[in-house]
Amino acid sequence: MTPPRGEAAVRRAFDVERVRADFPILRRQVHGHPLVYLDNAATPQKPQAVLDAIVSYYTEINANVHRGVHDLSERATTAFEAAREKVRGFFNAREAREIVFTRNATESINLVAWTFGRTNVGRDDEVVVTAMEHHSNLVPWQMLCEAAGARLRVAPIDDRGELLVDELERLLGPRTKLLAVTHMSNALGTVNAVEDIVRIAHAHGVPVLIDGSQAAYHMKVDVQALDCDFYAATGHKLYGPTGIGVLYGKAALLESMPPFMGGGDMIASVTLEKSTWNVLPYKFEAGTPHIAGAIGLGAAIDYITGIGFDAIGAHEAALLAYGTEALSSVPGVRLIGTARRKASVLSFVMEGVHPHDIGTIVDREGVAIRTGHHCAQPVMARFSVPATARASLAMYNTRGEIDTLVRALERVREVFA
Amino acid sequence: MSDLRDLYQEVILDHNKRPRNFRAIDVPTHFAEGYNPLCGDRLKLYVKVDGDVITDLAFLGSGCAISKASASLMTDALRGRTVAEAQALFERFHHVVTTPPDQPVEDLGKLSALAGVREFPVRVKCASLAWHTLKAALDRTTLTSTE
């Protein structure tokens, strides 16, 4: 494969060993072998800067936000809102009030289902999803449709794991109230042409929610350029802490939606009879938020931005190409998910060996991969496999680690010879 | 590699490759479906009881080597036993696969091949799926799960 032009320049700037040094967990051993962490699609590891930010928050400025007039509360509030501003910049939202903090992408999607969905989706209406969704962007819509008496329509994928956009367009009609689509499949690695999909949906007057859980740490996401109506993401996949998620929504839409959960912080005034709602984004942030999580996410965004998606993307694309070739050369291995536009994910099956057994054996070599249905059972059904083994790459992975995986797969072959 | 060999013993690899009683029973007296959501293993277990004797049992499904071998070994071990004996063996088997690896356990013959899962706590469910499904079948429950 000829390296794309400019790759040499990027390589000079991107030093994977320097990046690895920023992730303390990568120094540890597992079963007497150096850890080879290839389960990034489940959650990537965290750089020291994120860990430091969390410790520093609790050590130096811990206080509740938006409440006190005392010094610590002001500092905590400032840091929390600074994190929101970082998230805004990261996704290029127009305004910080369009960024709602949640627990994770699942909660972001449920928020939309139970607020936008509850007020806009009625009997005989339709919600459209795709056949490659993670359960988190499928089950909330099933629940909404069941509650509303609406119908869920599913756009199919082909044998490579690519979305059939023409078929998707055929499903859009006057009854369609929302299209919910993943930016990138966690089970297959497919990257959807969301920019085209949003344009097509809008031409039919259909608003679009994008599940960005997988995409957001591999590529630059610009919600204004995409023109999507909602974008859901999760902090822990952005090299940040668990328990903090993000929902981007266009301000006008968020304004029109009722609150999700009731409680403190989301109100403007409360009497015993009635309450009025706070302004955006606080209307959707009931209760004490995950302040340390938001600050940790802010630090993670600074870290990613410091390296830059040009460098990350080039490194990961080269690694994915190398991994694709390396795994394809292992006898009996078949890749599941061979879309032309793909990132990070190497999902595969091995003839005569169940993925679960692969996972156990490579783990003994220090290699962490995911095995199972990846919370995407309909995807497994589409490819007629009960499960797959999945190696997924992040910015700190190396060719050497892929070689270790390949050697571990030879071990699997030996055991099952 | 040694604990891997403890887990994937010859008898397990053999039963994985050539599972015994891997078929349906047309008119079972008891039937249950087992499901392990962790790995997507599914198991259909057919049992034929005459009086209180298990005269035939068989299984179908997909799963990892451990769950498949366990089902295969179990169906071999229980044919001709009484329901009460099968239930007692369930308890003994369960004890063997859940006892910490540094403690001694009783010898259950071929079934002891599965004692290797003790070194791999996450795989205990794979070894137990068939047995939980058997218990459910004998209790006449239709869907069981090891989660």
# chains A, B, ... in the order shown; residues from 1 in each chain; ligands from 1

$ interface_residues --of "chain B" --to "chain A" --cutoff "10 Å" --atoms "only C-alpha atoms" --output "list in words"
Met1, Asp3, Leu4, Arg5, Leu7, Tyr8, Gln9, Glu10, Leu13, Asp14, Asn16, Lys17, Pro37, Leu38, Cys39, Gly40, Asp41, Arg42, Ser62, Gly63, Cys64, Ala65, Ile66, Phe120, Val122, Arg123 and Cys126 of chain B

$ write_last_selection --atoms "C-alpha atoms" --output "compact mmCIF listing (two decimals), in the first residue's frame"
# COMPACT_ATOMS: atom_id res chain seq x y z
CA MET B 1 0.37 -22.26 28.81
CA ASP B 3 -3.33 -23.50 32.92
CA LEU B 4 -4.61 -23.24 29.34
CA ARG B 5 -3.91 -26.96 29.00
CA LEU B 7 -8.76 -25.65 30.74
CA TYR B 8 -8.61 -27.13 27.26
CA GLN B 9 -7.92 -30.75 28.17
CA GLU B 10 -8.02 -33.44 25.50
CA LEU B 13 -11.36 -30.61 22.90
CA ASP B 14 -12.66 -33.99 21.82
CA ASN B 16 -16.12 -29.90 21.50
CA LYS B 17 -15.12 -31.32 18.14
CA PRO B 37 -25.91 -13.45 27.45
CA LEU B 38 -22.20 -12.84 28.06
CA CYS B 39 -21.15 -14.77 24.98
CA GLY B 40 -24.45 -15.46 23.26
CA ASP B 41 -24.32 -19.20 23.94
CA ARG B 42 -27.65 -20.89 23.35
CA SER B 62 -24.01 -23.06 19.62
CA GLY B 63 -21.42 -22.17 22.16
CA CYS B 64 -17.80 -22.07 23.15
CA ALA B 65 -15.72 -25.21 23.60
CA ILE B 66 -16.31 -25.27 27.34
CA PHE B 120 -10.78 -18.86 34.76
CA VAL B 122 -15.37 -15.82 33.96
CA ARG B 123 -15.68 -19.21 32.26
CA CYS B 126 -19.82 -21.64 30.33

$ select_by_dssp --residues "range 80-309 of chain A" --states "alpha helix (DSSP H)" --output "ChimeraX atom specification"
/A:80-91,105-112,118-120,139-148,165-171,194-203,223-226,251-256,291-307,309

$ atom_distance --atom1 "CA of Tyr303 in chain A" --atom2 "CA of Arg18 in chain A"
12.8 Å

$ residues_around --residues "range 258-272 of chain A" --least-positions-apart "5" --cutoff "7 Å" --atoms "only C-alpha atoms" --output "number ranges by chain"
A: 111, 114-115, 277-278, 282-287

$ write_last_selection --atoms "C-alpha atoms" --output "compact mmCIF listing (two decimals), in the first residue's frame"
# COMPACT_ATOMS: atom_id res chain seq x y z
CA LEU A 111 -33.08 11.83 26.96
CA TRP A 114 -38.25 10.56 26.39
CA THR A 115 -38.48 14.30 25.68
CA TRP A 277 -37.81 25.25 34.11
CA ASN A 278 -34.31 26.58 34.06
CA TYR A 282 -29.57 23.21 32.91
CA LYS A 283 -33.18 22.27 32.13
CA PHE A 284 -31.78 18.83 31.25
CA GLU A 285 -29.28 18.54 34.09
CA ALA A 286 -31.28 17.64 37.18
CA GLY A 287 -29.33 17.04 40.36

$ closest_residue --among "A:Thr106, A:Thr78, A:Asn186, A:Thr242" --to "Ala391 in chain A" --atoms "only C-alpha atoms"
A:Asn186

$ residues_around --residues "Leu253 in chain A" --least-positions-apart "3" --cutoff "10 Å" --atoms "only C-alpha atoms" --output "VMD selection string"
chain A and resid 98 116 207 229 to 230 249 to 250 256 to 257

$ closest_residue --among "A:Asp125, A:Lys342, A:Gly149, A:Gly366" --to "Arg27 in chain A" --atoms "only C-alpha atoms"
A:Gly366

$ atom_distance --atom1 "CA of Asp6 in chain B" --atom2 "CA of Leu108 in chain B"
15.5 Å

$ select_by_dssp --residues "range 31-139 of chain A" --states "strand (DSSP E or B)" --output "ChimeraX atom specification"
/A:33-34,36-37,39,99-102,126-130

$ closest_residue --among "A:His31, A:Lys177, A:Arg399, A:His290" --to "Gly245 in chain A" --atoms "only C-alpha atoms"
A:His290

$ decode --residues "range 47-71 of chain B" --atoms "N, CA and C atoms" --output "short mmCIF file (atom, residue, chain, number, x, y, z; two decimals), in the first residue's frame"
data_model
loop_
_atom_site.label_atom_id
_atom_site.label_comp_id
_atom_site.auth_asym_id
_atom_site.auth_seq_id
_atom_site.Cartn_x
_atom_site.Cartn_y
_atom_site.Cartn_z
N VAL B 47 -34.84 -33.90 27.37
CA VAL B 47 -34.70 -34.97 28.36
C VAL B 47 -35.91 -35.89 28.27
N LYS B 48 -35.63 -37.19 28.36
CA LYS B 48 -36.72 -38.16 28.38
C LYS B 48 -36.63 -38.94 29.69
N VAL B 49 -37.68 -38.82 30.49
CA VAL B 49 -37.70 -39.49 31.79
C VAL B 49 -38.78 -40.56 31.76
N ASP B 50 -38.40 -41.77 32.21
CA ASP B 50 -39.37 -42.87 32.29
C ASP B 50 -39.43 -43.29 33.75
N GLY B 51 -40.58 -43.11 34.36
CA GLY B 51 -40.64 -43.32 35.81
C GLY B 51 -39.82 -42.24 36.46
N ASP B 52 -38.75 -42.65 37.16
CA ASP B 52 -37.85 -41.59 37.62
C ASP B 52 -36.44 -41.76 37.04
N VAL B 53 -36.38 -42.52 35.94
CA VAL B 53 -35.07 -42.74 35.32
C VAL B 53 -34.93 -41.91 34.04
N ILE B 54 -33.79 -41.25 33.89
CA ILE B 54 -33.51 -40.50 32.66
C ILE B 54 -33.08 -41.52 31.61
N THR B 55 -33.93 -41.76 30.62
CA THR B 55 -33.61 -42.77 29.63
C THR B 55 -32.84 -42.19 28.45
N ASP B 56 -33.04 -40.89 28.20
CA ASP B 56 -32.32 -40.27 27.08
C ASP B 56 -32.20 -38.77 27.33
N LEU B 57 -31.10 -38.21 26.91
CA LEU B 57 -31.01 -36.75 26.89
C LEU B 57 -30.05 -36.33 25.78
N ALA B 58 -30.36 -35.16 25.21
CA ALA B 58 -29.62 -34.69 24.04
C ALA B 58 -29.69 -33.17 24.01
N PHE B 59 -28.78 -32.58 23.20
CA PHE B 59 -28.78 -31.11 23.15
C PHE B 59 -28.44 -30.60 21.75
N LEU B 60 -28.85 -29.37 21.51
CA LEU B 60 -28.50 -28.66 20.28
C LEU B 60 -28.15 -27.23 20.68
N GLY B 61 -27.39 -26.57 19.83
CA GLY B 61 -27.09 -25.17 20.12
C GLY B 61 -25.70 -24.79 19.68
N SER B 62 -25.36 -23.53 19.96
CA SER B 62 -24.01 -23.06 19.62
C SER B 62 -23.38 -22.50 20.87
N GLY B 63 -22.09 -22.70 20.97
CA GLY B 63 -21.42 -22.17 22.16
C GLY B 63 -19.93 -22.40 22.08
N CYS B 64 -19.24 -21.92 23.10
CA CYS B 64 -17.80 -22.07 23.15
C CYS B 64 -17.44 -23.52 23.47
N ALA B 65 -16.17 -23.83 23.39
CA ALA B 65 -15.72 -25.21 23.60
C ALA B 65 -16.12 -25.72 24.98
N ILE B 66 -16.02 -24.84 25.97
CA ILE B 66 -16.31 -25.27 27.34
C ILE B 66 -17.79 -25.61 27.50
N SER B 67 -18.66 -24.75 27.00
CA SER B 67 -20.10 -25.00 27.19
C SER B 67 -20.55 -26.20 26.36
N LYS B 68 -19.99 -26.36 25.19
CA LYS B 68 -20.37 -27.47 24.33
C LYS B 68 -19.88 -28.80 24.93
N ALA B 69 -18.62 -28.82 25.37
CA ALA B 69 -18.07 -30.03 25.96
C ALA B 69 -18.80 -30.38 27.25
N SER B 70 -19.14 -29.36 28.02
CA SER B 70 -19.84 -29.61 29.27
C SER B 70 -21.20 -30.25 29.01
N ALA B 71 -21.92 -29.73 28.01
CA ALA B 71 -23.22 -30.30 27.67
C ALA B 71 -23.06 -31.73 27.18
#
